[in-house]
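Have a look at target39.txt; it's compact mmCIF, C-alpha atoms (C1' of nucleotides):
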```
# COMPACT_ATOMS: atom_id res chain seq x y z
CA MET A 11 111.71 220.83 104.28
CA ALA A 12 112.17 219.88 107.93
CA GLU A 13 111.55 216.29 108.91
CA PRO A 14 109.45 216.35 112.09
CA GLY A 15 110.54 214.17 114.93
CA THR A 16 113.78 213.01 113.33
CA GLY A 17 116.07 215.51 114.99
CA ARG A 18 118.42 217.73 113.05
CA ASP A 19 119.59 216.65 109.64
CA PRO A 20 123.32 217.44 109.56
CA GLU A 21 123.26 217.63 105.82
CA ALA A 22 120.48 220.20 105.76
CA VAL A 23 122.32 222.23 108.38
CA SER A 24 125.53 222.07 106.42
CA LYS A 25 123.79 223.11 103.27
CA PHE A 26 122.35 226.18 104.95
CA VAL A 27 125.63 227.03 106.63
CA GLU A 28 127.55 226.96 103.37
CA SER A 29 124.97 228.85 101.37
CA PHE A 30 124.48 231.57 103.94
CA ALA A 31 128.21 231.86 104.48
CA ALA A 32 128.68 232.23 100.75
CA GLN A 33 126.35 235.24 100.77
CA LEU A 34 128.23 236.80 103.65
CA VAL A 35 131.49 236.26 101.80
CA GLU A 36 130.08 237.93 98.74
CA ALA A 37 129.19 240.88 100.95
CA GLY A 38 132.81 241.15 102.02
CA MET A 39 133.22 238.94 105.06
CA GLN A 40 136.15 236.52 105.22
CA ARG A 41 135.29 232.92 104.49
CA MET A 42 136.08 231.27 107.78
CA PRO A 43 134.41 233.84 110.02
CA ALA A 44 131.39 233.65 107.74
CA ARG A 45 131.18 229.87 108.06
CA VAL A 46 131.64 229.93 111.81
CA PHE A 47 129.02 232.60 112.18
CA ALA A 48 126.53 230.74 110.00
CA ALA A 49 127.14 227.57 112.00
CA LEU A 50 126.42 229.36 115.26
CA LEU A 51 123.37 231.06 113.85
CA SER A 52 121.90 227.74 112.78
CA SER A 53 122.68 225.82 115.97
CA ASP A 54 119.77 225.04 118.25
CA SER A 55 121.47 226.29 121.37
CA GLY A 56 122.96 229.33 119.67
CA SER A 57 126.37 228.34 120.94
CA LEU A 58 129.07 225.83 120.02
CA THR A 59 132.48 224.86 121.32
CA SER A 60 135.67 225.15 119.34
CA ALA A 61 135.78 221.39 118.86
CA GLU A 62 132.20 221.25 117.62
CA LEU A 63 132.90 224.00 115.14
CA GLY A 64 136.10 222.37 113.92
CA ASP A 65 134.31 219.07 113.54
CA GLN A 66 131.24 220.43 111.80
CA LEU A 67 133.19 222.64 109.41
CA GLN A 68 136.12 220.28 108.94
CA VAL A 69 138.78 222.80 109.79
CA SER A 70 141.71 223.03 112.18
CA PRO A 71 141.56 224.49 115.69
CA ALA A 72 143.79 227.26 114.42
CA ALA A 73 141.23 228.28 111.85
CA VAL A 74 138.46 228.30 114.45
CA SER A 75 140.58 230.36 116.77
CA GLY A 76 141.28 232.97 114.11
CA ALA A 77 137.68 233.16 112.97
CA VAL A 78 136.35 233.48 116.49
CA ARG A 79 138.81 236.21 117.35
CA TYR A 80 137.65 238.17 114.34
CA LEU A 81 133.96 237.68 115.15
CA ALA A 82 134.50 238.68 118.76
CA GLN A 83 136.27 241.86 117.70
CA GLN A 84 133.29 242.69 115.49
CA HIS A 85 130.97 241.96 118.43
CA MET A 86 129.18 239.35 116.43
CA VAL A 87 129.78 236.56 118.94
CA SER A 88 130.60 236.46 122.61
CA ARG A 89 132.80 233.96 124.40
CA GLU A 90 131.61 232.07 127.45
CA ARG A 91 133.78 229.98 129.71
CA GLU A 92 131.87 227.01 131.01
CA PRO A 93 132.54 227.19 134.76
CA GLY A 94 134.88 224.47 135.89
CA SER A 95 135.98 223.54 132.40
CA ARG A 96 138.72 224.50 130.03
CA ARG A 97 136.29 224.57 127.18
CA GLU A 98 134.98 227.81 125.81
CA ARG A 99 131.61 228.29 124.14
CA TYR A 100 131.04 230.81 121.38
CA ARG A 101 127.60 232.30 121.31
CA VAL A 102 125.60 234.43 118.96
CA HIS A 103 123.06 236.70 120.63
CA SER A 104 120.45 237.94 118.21
CA ASN A 105 120.72 241.48 119.44
CA GLN A 106 124.50 241.45 119.35
CA TRP A 107 124.29 240.49 115.73
CA TYR A 108 121.93 243.31 114.90
CA GLU A 109 124.02 245.80 116.77
CA ALA A 110 127.09 244.59 114.93
CA LEU A 111 125.49 245.15 111.58
CA THR A 112 124.57 248.56 112.81
CA ASN A 113 128.11 249.02 113.99
CA ARG A 114 129.07 249.63 110.49
CA ASP A 115 128.63 252.78 112.54
CA ALA A 116 132.31 252.54 113.27
CA VAL A 117 133.01 252.27 109.56
CA ILE A 118 130.83 255.25 108.78
CA LYS A 119 132.56 257.29 111.46
CA ARG A 120 135.93 256.67 109.81
CA TRP A 121 134.52 257.59 106.42
CA GLU A 122 133.26 260.82 107.92
CA ILE A 123 136.68 261.64 109.27
CA ALA A 124 138.36 261.00 105.93
CA LEU A 125 135.74 263.10 104.15
CA ARG A 126 136.13 266.03 106.56
CA GLU A 127 139.85 266.04 105.93
CA GLY A 128 139.15 265.94 102.22
CA VAL A 129 136.76 268.90 102.37
CA ASP A 130 139.31 270.86 104.33
CA SER A 131 142.33 270.05 102.19
CA LEU A 132 140.63 270.44 98.83
CA GLY A 133 138.73 273.55 99.90
CA ALA A 134 135.06 273.77 100.83
CA ALA A 135 134.46 276.25 98.02
CA THR A 136 135.79 274.05 95.21
CA PRO A 137 133.49 271.80 93.21
CA ALA A 138 135.25 268.70 94.54
CA GLY A 139 135.06 270.04 98.08
CA ARG A 140 131.35 270.65 97.76
CA ARG A 141 130.83 267.10 96.51
CA LEU A 142 132.75 265.69 99.45
CA ALA A 143 130.80 267.92 101.81
CA GLU A 144 127.51 266.66 100.46
CA THR A 145 128.67 263.08 100.81
CA LEU A 146 129.67 263.85 104.36
CA ALA A 147 126.26 265.36 105.03
CA PHE A 148 124.69 262.17 103.75
CA PHE A 149 126.63 260.02 106.17
CA GLU A 150 125.91 262.32 109.07
CA PHE A 151 122.24 262.05 108.22
CA ILE A 152 122.39 258.26 107.94
CA ASP A 153 124.16 258.06 111.26
CA GLY A 154 121.27 259.57 113.16
CA GLU A 155 118.68 257.67 111.17
CA ILE A 156 120.18 254.29 111.95
CA THR A 157 119.84 254.83 115.68
CA ARG A 158 116.16 255.63 115.35
CA MET A 159 115.66 252.78 112.91
CA MET A 160 117.00 250.32 115.47
CA GLN A 161 114.64 251.72 118.09
CA ARG A 162 111.74 251.13 115.74
CA TRP A 163 113.00 247.61 115.09
CA TRP A 164 112.89 246.73 118.77
CA ALA A 165 109.36 248.04 119.01
CA HIS A 166 108.39 246.13 115.91
CA ARG A 167 110.04 242.97 117.18
CA GLU A 168 108.14 243.18 120.41
CA LYS A 169 104.89 243.32 118.53
CA LEU A 170 105.90 240.21 116.60
CA TYR A 171 107.33 238.16 119.42
CA GLY A 172 106.37 239.76 122.70
CA GLU A 173 108.98 240.65 125.28
CA GLY A 174 110.85 237.36 124.56
CA MET B 6 144.00 273.23 104.40
CA ALA B 7 143.15 274.51 100.92
CA GLU B 8 145.43 277.09 99.34
CA PRO B 9 143.19 279.70 97.82
CA GLY B 10 143.94 280.75 94.31
CA THR B 11 146.67 278.24 93.68
CA GLY B 12 144.53 275.67 91.91
CA ARG B 13 144.40 272.08 92.97
CA ASP B 14 147.31 270.64 94.84
CA PRO B 15 147.88 267.19 93.33
CA GLU B 16 149.55 266.02 96.48
CA ALA B 17 146.60 266.97 98.65
CA VAL B 18 144.25 265.27 96.22
CA SER B 19 146.35 262.14 96.20
CA LYS B 20 146.51 262.09 99.95
CA PHE B 21 142.75 262.23 100.21
CA VAL B 22 142.26 259.64 97.48
CA GLU B 23 144.53 257.16 99.17
CA SER B 24 143.18 257.68 102.64
CA PHE B 25 139.55 257.50 101.64
CA ALA B 26 140.23 254.49 99.43
CA ALA B 27 141.91 252.79 102.37
CA GLN B 28 138.73 253.20 104.41
CA LEU B 29 136.64 251.76 101.60
CA VAL B 30 139.02 248.82 101.34
CA GLU B 31 138.73 248.21 105.03
CA ALA B 32 134.98 248.09 104.59
CA GLY B 33 135.37 245.35 102.00
CA MET B 34 135.83 247.06 98.64
CA GLN B 35 138.64 245.95 96.33
CA ARG B 36 141.63 248.23 96.25
CA MET B 37 141.57 249.44 92.67
CA PRO B 38 137.85 250.16 92.47
CA ALA B 39 138.18 252.02 95.76
CA ARG B 40 141.01 254.17 94.45
CA VAL B 41 139.25 254.90 91.18
CA PHE B 42 136.08 255.80 93.00
CA ALA B 43 137.87 258.10 95.41
CA ALA B 44 139.64 259.78 92.53
CA LEU B 45 136.36 260.45 90.76
CA LEU B 46 134.73 261.66 93.95
CA SER B 47 137.49 264.19 94.51
CA SER B 48 137.72 265.48 90.94
CA ASP B 49 136.31 268.91 90.29
CA SER B 50 134.28 267.84 87.29
CA GLY B 51 133.12 264.62 88.89
CA SER B 52 134.37 262.73 85.86
CA LEU B 53 137.69 261.53 84.51
CA THR B 54 138.91 259.65 81.48
CA SER B 55 140.66 256.33 81.61
CA ALA B 56 143.98 257.99 80.76
CA GLU B 57 143.57 260.57 83.52
CA LEU B 58 142.80 257.88 86.03
CA GLY B 59 145.73 255.73 84.97
CA ASP B 60 148.02 258.71 85.13
CA GLN B 61 146.82 259.99 88.48
CA LEU B 62 146.82 256.59 90.14
CA GLN B 63 149.90 255.26 88.36
CA VAL B 64 148.28 252.09 87.08
CA SER B 65 147.82 250.39 83.74
CA PRO B 66 144.84 250.85 81.44
CA ALA B 67 143.92 247.24 82.20
CA ALA B 68 143.60 247.99 85.88
CA VAL B 69 141.42 251.02 85.18
CA SER B 70 139.26 248.97 82.86
CA GLY B 71 138.69 246.29 85.48
CA ALA B 72 137.97 248.76 88.25
CA VAL B 73 135.55 250.73 86.15
CA ARG B 74 133.69 247.62 85.07
CA TYR B 75 133.24 246.67 88.70
CA LEU B 76 132.06 250.14 89.69
CA ALA B 77 129.63 250.29 86.81
CA GLN B 78 128.14 246.92 87.79
CA GLN B 79 127.64 248.27 91.30
CA HIS B 80 126.03 251.38 89.82
CA MET B 81 128.57 253.55 91.54
CA VAL B 82 129.77 255.22 88.35
CA SER B 83 128.29 255.71 84.92
CA ARG B 84 130.11 255.73 81.62
CA GLU B 85 129.75 258.57 79.16
CA ARG B 86 131.00 258.58 75.61
CA GLU B 87 132.16 262.01 74.59
CA PRO B 88 130.38 262.57 71.27
CA GLY B 89 132.77 262.40 68.32
CA SER B 90 135.58 260.91 70.34
CA ARG B 91 136.85 257.49 71.23
CA ARG B 92 137.45 258.54 74.77
CA GLU B 93 135.10 257.52 77.50
CA ARG B 94 134.47 259.48 80.67
CA TYR B 95 133.61 257.85 83.95
CA ARG B 96 131.36 259.86 86.17
CA VAL B 97 130.18 259.68 89.72
CA HIS B 98 126.72 261.12 90.29
CA SER B 99 126.08 261.88 93.92
CA ASN B 100 122.70 260.28 93.83
CA GLN B 101 123.97 257.18 92.05
CA TRP B 102 126.47 256.74 94.81
CA TYR B 103 123.83 257.03 97.49
CA GLU B 104 121.57 254.62 95.71
CA ALA B 105 124.43 252.18 95.36
CA LEU B 106 125.08 252.22 99.07
CA THR B 107 121.41 251.59 99.47
CA ASN B 108 121.67 248.83 96.94
CA ARG B 109 123.14 246.74 99.56
CA ASP B 110 119.46 246.08 98.96
CA ALA B 111 120.49 243.45 96.48
CA VAL B 112 122.76 241.89 99.07
CA ILE B 113 120.03 241.92 101.69
CA LYS B 114 117.62 240.29 99.27
CA ARG B 115 119.98 237.38 98.79
CA TRP B 116 120.45 237.04 102.53
CA GLU B 117 116.69 236.89 102.89
CA ILE B 118 116.47 234.10 100.34
CA ALA B 119 119.15 232.06 102.06
CA LEU B 120 117.47 232.61 105.44
CA ARG B 121 114.05 231.54 104.17
CA GLU B 122 115.53 228.33 102.87
CA GLY B 123 117.20 227.82 106.23
CA VAL B 124 113.99 228.34 108.16
CA ASP B 125 112.23 225.88 105.92
CA SER B 126 114.88 223.20 105.92
CA LEU B 127 115.69 223.36 109.62
CA GLY B 128 112.06 223.66 110.62
CA ALA B 129 110.26 226.83 111.73
CA ALA B 130 109.41 225.22 115.06
CA THR B 131 113.00 224.40 116.04
CA PRO B 132 115.08 226.81 118.12
CA ALA B 133 117.51 227.31 115.23
CA GLY B 134 114.62 227.86 112.84
CA ARG B 135 113.11 230.48 115.12
CA ARG B 136 116.44 232.28 115.32
CA LEU B 137 116.75 232.33 111.54
CA ALA B 138 113.16 233.50 111.24
CA GLU B 139 113.80 236.40 113.56
CA THR B 140 116.90 237.36 111.63
CA LEU B 141 114.84 237.22 108.47
CA ALA B 142 112.19 239.44 110.05
CA PHE B 143 114.91 241.93 110.90
CA PHE B 144 116.08 242.17 107.32
CA GLU B 145 112.57 242.46 105.99
CA PHE B 146 112.03 245.32 108.40
CA ILE B 147 115.29 247.02 107.41
CA ASP B 148 114.39 246.70 103.77
CA GLY B 149 111.30 248.83 104.12
CA GLU B 150 112.99 251.30 106.44
CA ILE B 151 115.82 252.03 104.05
CA THR B 152 113.45 253.15 101.34
CA ARG B 153 111.78 255.63 103.67
CA MET B 154 115.13 256.74 105.02
CA MET B 155 116.29 257.67 101.54
CA GLN B 156 113.12 259.67 100.97
CA ARG B 157 113.83 261.60 104.15
CA TRP B 158 117.40 262.17 102.98
CA TRP B 159 116.28 263.79 99.77
CA ALA B 160 113.97 266.07 101.69
CA HIS B 161 116.75 266.88 104.14
CA ARG B 162 119.22 267.50 101.34
CA GLU B 163 116.86 269.90 99.69
CA LYS B 164 116.63 271.92 102.88
CA LEU B 165 120.42 272.08 103.02
CA TYR B 166 121.17 272.79 99.40
CA GLY B 167 117.96 273.75 97.68
CA GLU B 168 116.83 271.99 94.52
CA GLY B 169 120.40 271.99 93.14
C1' DC C 26 153.77 220.47 141.02
C1' DG C 27 153.11 217.93 136.96
C1' DC C 28 149.43 216.10 133.85
C1' DT C 29 145.99 216.83 130.49
C1' DG C 30 142.58 219.02 127.70
C1' DT C 31 142.03 223.20 125.38
C1' DA C 32 143.24 227.60 123.04
C1' DT C 33 146.63 230.45 120.66
C1' DT C 34 150.57 231.63 117.94
C1' DC C 35 153.61 231.13 114.16
C1' DA C 36 156.13 229.68 109.98
C1' DG C 37 155.21 228.18 105.83
C1' DA C 38 152.33 225.69 101.95
C1' DA C 39 148.47 226.40 99.05
C1' DA C 40 145.05 229.03 97.05
C1' DT C 41 143.33 233.23 95.70
C1' DT C 42 143.49 237.91 94.25
C1' DT C 43 145.50 241.70 91.97
C1' DG C 44 147.83 244.20 88.46
C1' DT C 45 150.73 244.09 84.23
C1' DG C 46 152.11 243.81 79.41
C1' DA C 47 150.82 242.37 75.08
C1' DA C 48 147.55 241.05 71.87
C1' DG C 49 142.97 241.72 70.16
C1' DA C 50 138.62 244.28 69.46
C1' DT C 51 136.09 248.48 68.46
C1' DA C 52 134.95 252.80 66.51
C1' DA C 53 136.12 257.57 64.70
C1' DG C 54 138.08 259.92 60.85
C1' DG C 55 140.53 260.43 56.84
C1' DC D 26 138.69 250.54 53.91
C1' DC D 27 142.78 251.65 56.31
C1' DT D 28 144.74 254.16 60.22
C1' DT D 29 144.83 255.34 64.76
C1' DA D 30 143.14 256.25 69.42
C1' DT D 31 140.98 253.92 72.92
C1' DC D 32 139.16 250.16 75.56
C1' DT D 33 139.04 245.22 76.77
C1' DT D 34 140.65 240.57 77.34
C1' DC D 35 143.93 237.17 78.61
C1' DA D 36 147.99 234.65 80.36
C1' DC D 37 151.07 235.14 83.70
C1' DA D 38 153.98 237.12 87.66
C1' DA D 39 153.74 239.13 92.05
C1' DA D 40 151.60 240.04 96.22
C1' DT D 41 148.41 238.85 99.49
C1' DT D 42 145.38 236.00 102.04
C1' DT D 43 143.97 231.82 104.10
C1' DC D 44 144.53 227.61 106.33
C1' DT D 45 147.32 223.95 108.35
C1' DG D 46 150.51 221.42 111.47
C1' DA D 47 153.55 221.93 115.07
C1' DA D 48 155.13 224.25 118.88
C1' DT D 49 153.69 226.99 122.81
C1' DA D 50 150.91 228.82 126.42
C1' DC D 51 147.29 228.36 129.64
C1' DA D 52 144.07 226.65 133.17
C1' DG D 53 141.97 223.23 135.92
C1' DC D 54 142.71 219.06 138.52
C1' DG D 55 144.78 215.36 140.94
```
Turn the structure described in the file into structure tokens.
Amino acid sequence: MAEPGTGRDPEAVSKFVESFAAQLVEAGMQRMPARVFAALLSSDSGSLTSAELGDQLQVSPAAVSGAVRYLAQQHMVSREREPGSRRERYRVHSNQWYEALTNRDAVIKRWEIALREGVDSLGAATPAGRRLAETLAFFEFIDGEITRMMQRWWAHREKLYGEG
Amino acid sequence: MAEPGTGRDPEAVSKFVESFAAQLVEAGMQRMPARVFAALLSSDSGSLTSAELGDQLQVSPAAVSGAVRYLAQQHMVSREREPGSRRERYRVHSNQWYEALTNRDAVIKRWEIALREGVDSLGAATPAGRRLAETLAFFEFIDGEITRMMQRWWAHREKLYGEG
DNA sequence: CGCTGTATTCAGAAATTTGTGAAGATAAGG
DNA sequence: CCTTATCTTCACAAATTTCTGAATACAGCG
């Protein structure tokens, strides 16, 4: 439980970071990106520098660099250059993070492509081809649904939090 | 493109299996389970024996055994014992496969647990705590949506294919 | 310009994962 | 029961992944 008025408890933060990262790893994310992401998510400002991350997670600058590159590619964090400084800040925007999850979109799109090729090369009239075609239809359906689901989420969020 | 009347072209099948498996791997699945799954998905009967899998994929019985155990745990395939035989058949049911994708449910549930602990230990009134709480709210929302989305899929599927 | 703080790249050490062969377990059928 | 077909488990070798330290590149500042 949080201790009021005592500021952040680094140990509690670390415990959350490691346990949440572990869940992300189990879901298929690489360890270091998962830890970096969890650390950002649980920071008060929502952003940390490379040094802060390296210090908090006890890893080398190289590891931070690699993890951040990965997360940026996945659009899960953005980079900010502090004006007039060489230091960079890595930030998690809530909505970026949602969109990224959604952007399993990109993954689904590639599955769809592979499935279409499969239907074509095995033959749409064969039993296997029909199975692939149905799977393809499922993903095409999901695709459209996800967009609408996200729209509903934003409406729902607004009810919970206001325009925030 | 399919060659009508010539039966299945093993090379075309293999090409699809490997390319679809590669996409699954990229999405985080282990290589062997991905290959086994793709092979089952693209079989005409929707089911194969261990020997058939080992032969088609050029891997040892041990590898097949491990992959199948994993897939069964994820509810992506079911095992069938052919009556009066020692051989087992591994089968992909379309709906099992959909449900399994959905059963990222289980993953989401664990994320929710970790997030709740984070909100509690960092303090719901802190900026970090609020961020975690919002993320938690997102997953809780998604959770409910997915169920309804699957219901709509079954209705949609029926329109496409009939009761089949 | 050169100095300095910061970020990236790269080769390689360490850890982890993956697949194999061989041994062991299980169950059908004589 | 004993034999045999099949599946599973396990120790280990190979391949892959992950992280580090050191070298390198970059950008701001005097």
For Arg36 (chain B), the nearest of the candidates B:Gly134, B:Gly71, B:Pro15, B:Pro88, counting all atoms listed in the file: B:Gly71
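Excluding region 35-49 of chain C and any residue on its chain fewer than 6 positions from it, the residues at most 9 Å away by all atoms listed in the file are Arg36, Met37, Val64, Ser65, Ala67 and Ala68 of chain B; DT33, DT34, DC35, DC37, DA38, DA39, DA40, DT41, DT42, DT43, DC44, DT45 and DA48 of chain D.
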Export of prior selection with C-alpha atoms (C1' of nucleotides) as a PDB file, in the coordinates of the input:
```pdb
ATOM      1  CA  ARG B  36     141.630 248.230  96.250  1.00  0.00           C
ATOM      2  CA  MET B  37     141.570 249.440  92.670  1.00  0.00           C
ATOM      3  CA  VAL B  64     148.280 252.090  87.080  1.00  0.00           C
ATOM      4  CA  SER B  65     147.820 250.390  83.740  1.00  0.00           C
ATOM      5  CA  ALA B  67     143.920 247.240  82.200  1.00  0.00           C
ATOM      6  CA  ALA B  68     143.600 247.990  85.880  1.00  0.00           C
TER       7      ALA B  68
ATOM      8  C1'  DT D  33     139.040 245.220  76.770  1.00  0.00           C
ATOM      9  C1'  DT D  34     140.650 240.570  77.340  1.00  0.00           C
ATOM     10  C1'  DC D  35     143.930 237.170  78.610  1.00  0.00           C
ATOM     11  C1'  DC D  37     151.070 235.140  83.700  1.00  0.00           C
ATOM     12  C1'  DA D  38     153.980 237.120  87.660  1.00  0.00           C
ATOM     13  C1'  DA D  39     153.740 239.130  92.050  1.00  0.00           C
ATOM     14  C1'  DA D  40     151.600 240.040  96.220  1.00  0.00           C
ATOM     15  C1'  DT D  41     148.410 238.850  99.490  1.00  0.00           C
ATOM     16  C1'  DT D  42     145.380 236.000 102.040  1.00  0.00           C
ATOM     17  C1'  DT D  43     143.970 231.820 104.100  1.00  0.00           C
ATOM     18  C1'  DC D  44     144.530 227.610 106.330  1.00  0.00           C
ATOM     19  C1'  DT D  45     147.320 223.950 108.350  1.00  0.00           C
ATOM     20  C1'  DA D  48     155.130 224.250 118.880  1.00  0.00           C
TER      21       DA D  48
END
```
Could I get the residues of chain A with an atom no further than 8 Å from an atom of chain C, each paired with its nearest atom pair and that distance in Å to one decimal, using only C-alpha atoms (C1' of nucleotides), sorted by chain and residue number, as a tab-separated table?
```
residue	atom	partner	partner_atom	distance
A:Ala72	CA	C:DT33	C1'	7.6
A:Ser75	CA	C:DT33	C1'	7.2
A:Arg96	CA	C:DT31	C1'	5.9
A:Arg97	CA	C:DT31	C1'	6.2
```
Would you kindly return, as a ChimeraX atom specification, each protein, DNA or RNA residue with an atom no farther than 9 Å from any atom of Glu144 (chain A), considering all atoms listed in the file and excluding same-chain residues fewer than 6 positions away? /B:99,162,166
When you look at Arg84 (chain B) with a cut-off of 7 Å (counting only C-alpha atoms (C1' of nucleotides)), what residues show up, excluding the ones that are within fewer than 4 positions of it in the same chain? I need them as a count of residues only. 4
When the cut-off is 6 Å and we count only C-alpha atoms, which residues of chain A are near chain B, given as a PDB file with C-alpha atoms, keeping the file's coordinate frame?
```pdb
ATOM      1  CA  MET A  11     111.710 220.830 104.280  1.00  0.00           C
ATOM      2  CA  ALA A  12     112.170 219.880 107.930  1.00  0.00           C
ATOM      3  CA  PHE A  26     122.350 226.180 104.950  1.00  0.00           C
ATOM      4  CA  PHE A  30     124.480 231.570 103.940  1.00  0.00           C
ATOM      5  CA  GLY A  38     132.810 241.150 102.020  1.00  0.00           C
ATOM      6  CA  SER A  52     121.900 227.740 112.780  1.00  0.00           C
ATOM      7  CA  SER A  53     122.680 225.820 115.970  1.00  0.00           C
ATOM      8  CA  ASP A  54     119.770 225.040 118.250  1.00  0.00           C
ATOM      9  CA  ALA A 124     138.360 261.000 105.930  1.00  0.00           C
ATOM     10  CA  GLY A 128     139.150 265.940 102.220  1.00  0.00           C
ATOM     11  CA  ASP A 130     139.310 270.860 104.330  1.00  0.00           C
ATOM     12  CA  SER A 131     142.330 270.050 102.190  1.00  0.00           C
ATOM     13  CA  LEU A 132     140.630 270.440  98.830  1.00  0.00           C
ATOM     14  CA  GLY A 133     138.730 273.550  99.900  1.00  0.00           C
ATOM     15  CA  PRO A 137     133.490 271.800  93.210  1.00  0.00           C
ATOM     16  CA  ALA A 138     135.250 268.700  94.540  1.00  0.00           C
TER      17      ALA A 138
END
```
Residues of chain D that have any atom at most 8 Å from an atom of chain B: could you tabulate them with the shortest-distance atom pair and the distance in Å to one decimal, using only C-alpha atoms (C1' of nucleotides), ordered by chain and increasing number, as JSON lines?
```
{"residue": "D:DA30", "atom": "C1'", "partner": "B:Arg91", "partner_atom": "CA", "distance": 6.7}
{"residue": "D:DT31", "atom": "C1'", "partner": "B:Arg91", "partner_atom": "CA", "distance": 5.7}
{"residue": "D:DC32", "atom": "C1'", "partner": "B:Ser70", "partner_atom": "CA", "distance": 7.4}
{"residue": "D:DT33", "atom": "C1'", "partner": "B:Ser70", "partner_atom": "CA", "distance": 7.2}
```
Written-out chain C (C-alpha atoms (C1' of nucleotides)) as an mmCIF file, in the first residue's frame:
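Dumped to result-v6.cif:
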```
data_model
loop_
_atom_site.group_PDB
_atom_site.id
_atom_site.type_symbol
_atom_site.label_atom_id
_atom_site.label_comp_id
_atom_site.auth_asym_id
_atom_site.auth_seq_id
_atom_site.Cartn_x
_atom_site.Cartn_y
_atom_site.Cartn_z
ATOM 1 C "C1'" DC C 26 37.830 24.077 -33.298
ATOM 2 C "C1'" DG C 27 38.382 21.061 -29.553
ATOM 3 C "C1'" DC C 28 36.113 19.521 -25.194
ATOM 4 C "C1'" DT C 29 32.608 17.040 -22.916
ATOM 5 C "C1'" DG C 30 28.358 14.731 -22.000
ATOM 6 C "C1'" DT C 31 25.420 11.666 -24.250
ATOM 7 C "C1'" DA C 32 23.821 8.082 -27.557
ATOM 8 C "C1'" DT C 33 24.881 4.317 -30.707
ATOM 9 C "C1'" DT C 34 27.296 0.493 -32.679
ATOM 10 C "C1'" DC C 35 29.818 -3.678 -32.514
ATOM 11 C "C1'" DA C 36 32.400 -7.859 -31.185
ATOM 12 C "C1'" DG C 37 32.162 -11.147 -28.120
ATOM 13 C "C1'" DA C 38 30.861 -13.459 -23.367
ATOM 14 C "C1'" DA C 39 27.050 -15.387 -21.018
ATOM 15 C "C1'" DA C 40 22.607 -17.067 -20.714
ATOM 16 C "C1'" DT C 41 18.759 -18.941 -22.731
ATOM 17 C "C1'" DT C 42 16.194 -21.495 -26.041
ATOM 18 C "C1'" DT C 43 15.600 -25.062 -29.281
ATOM 19 C "C1'" DG C 44 15.899 -29.551 -31.239
ATOM 20 C "C1'" DT C 45 18.052 -34.204 -31.151
ATOM 21 C "C1'" DG C 46 18.993 -38.987 -29.968
ATOM 22 C "C1'" DA C 47 18.400 -42.366 -26.701
ATOM 23 C "C1'" DA C 48 16.175 -44.235 -22.916
ATOM 24 C "C1'" DG C 49 11.875 -44.876 -20.581
ATOM 25 C "C1'" DA C 50 6.799 -45.080 -20.208
ATOM 26 C "C1'" DT C 51 2.301 -46.424 -21.946
ATOM 27 C "C1'" DA C 52 -1.170 -49.038 -24.140
ATOM 28 C "C1'" DA C 53 -2.975 -52.200 -27.901
ATOM 29 C "C1'" DG C 54 -2.936 -56.876 -29.439
ATOM 30 C "C1'" DG C 55 -1.476 -61.363 -29.701
#
```
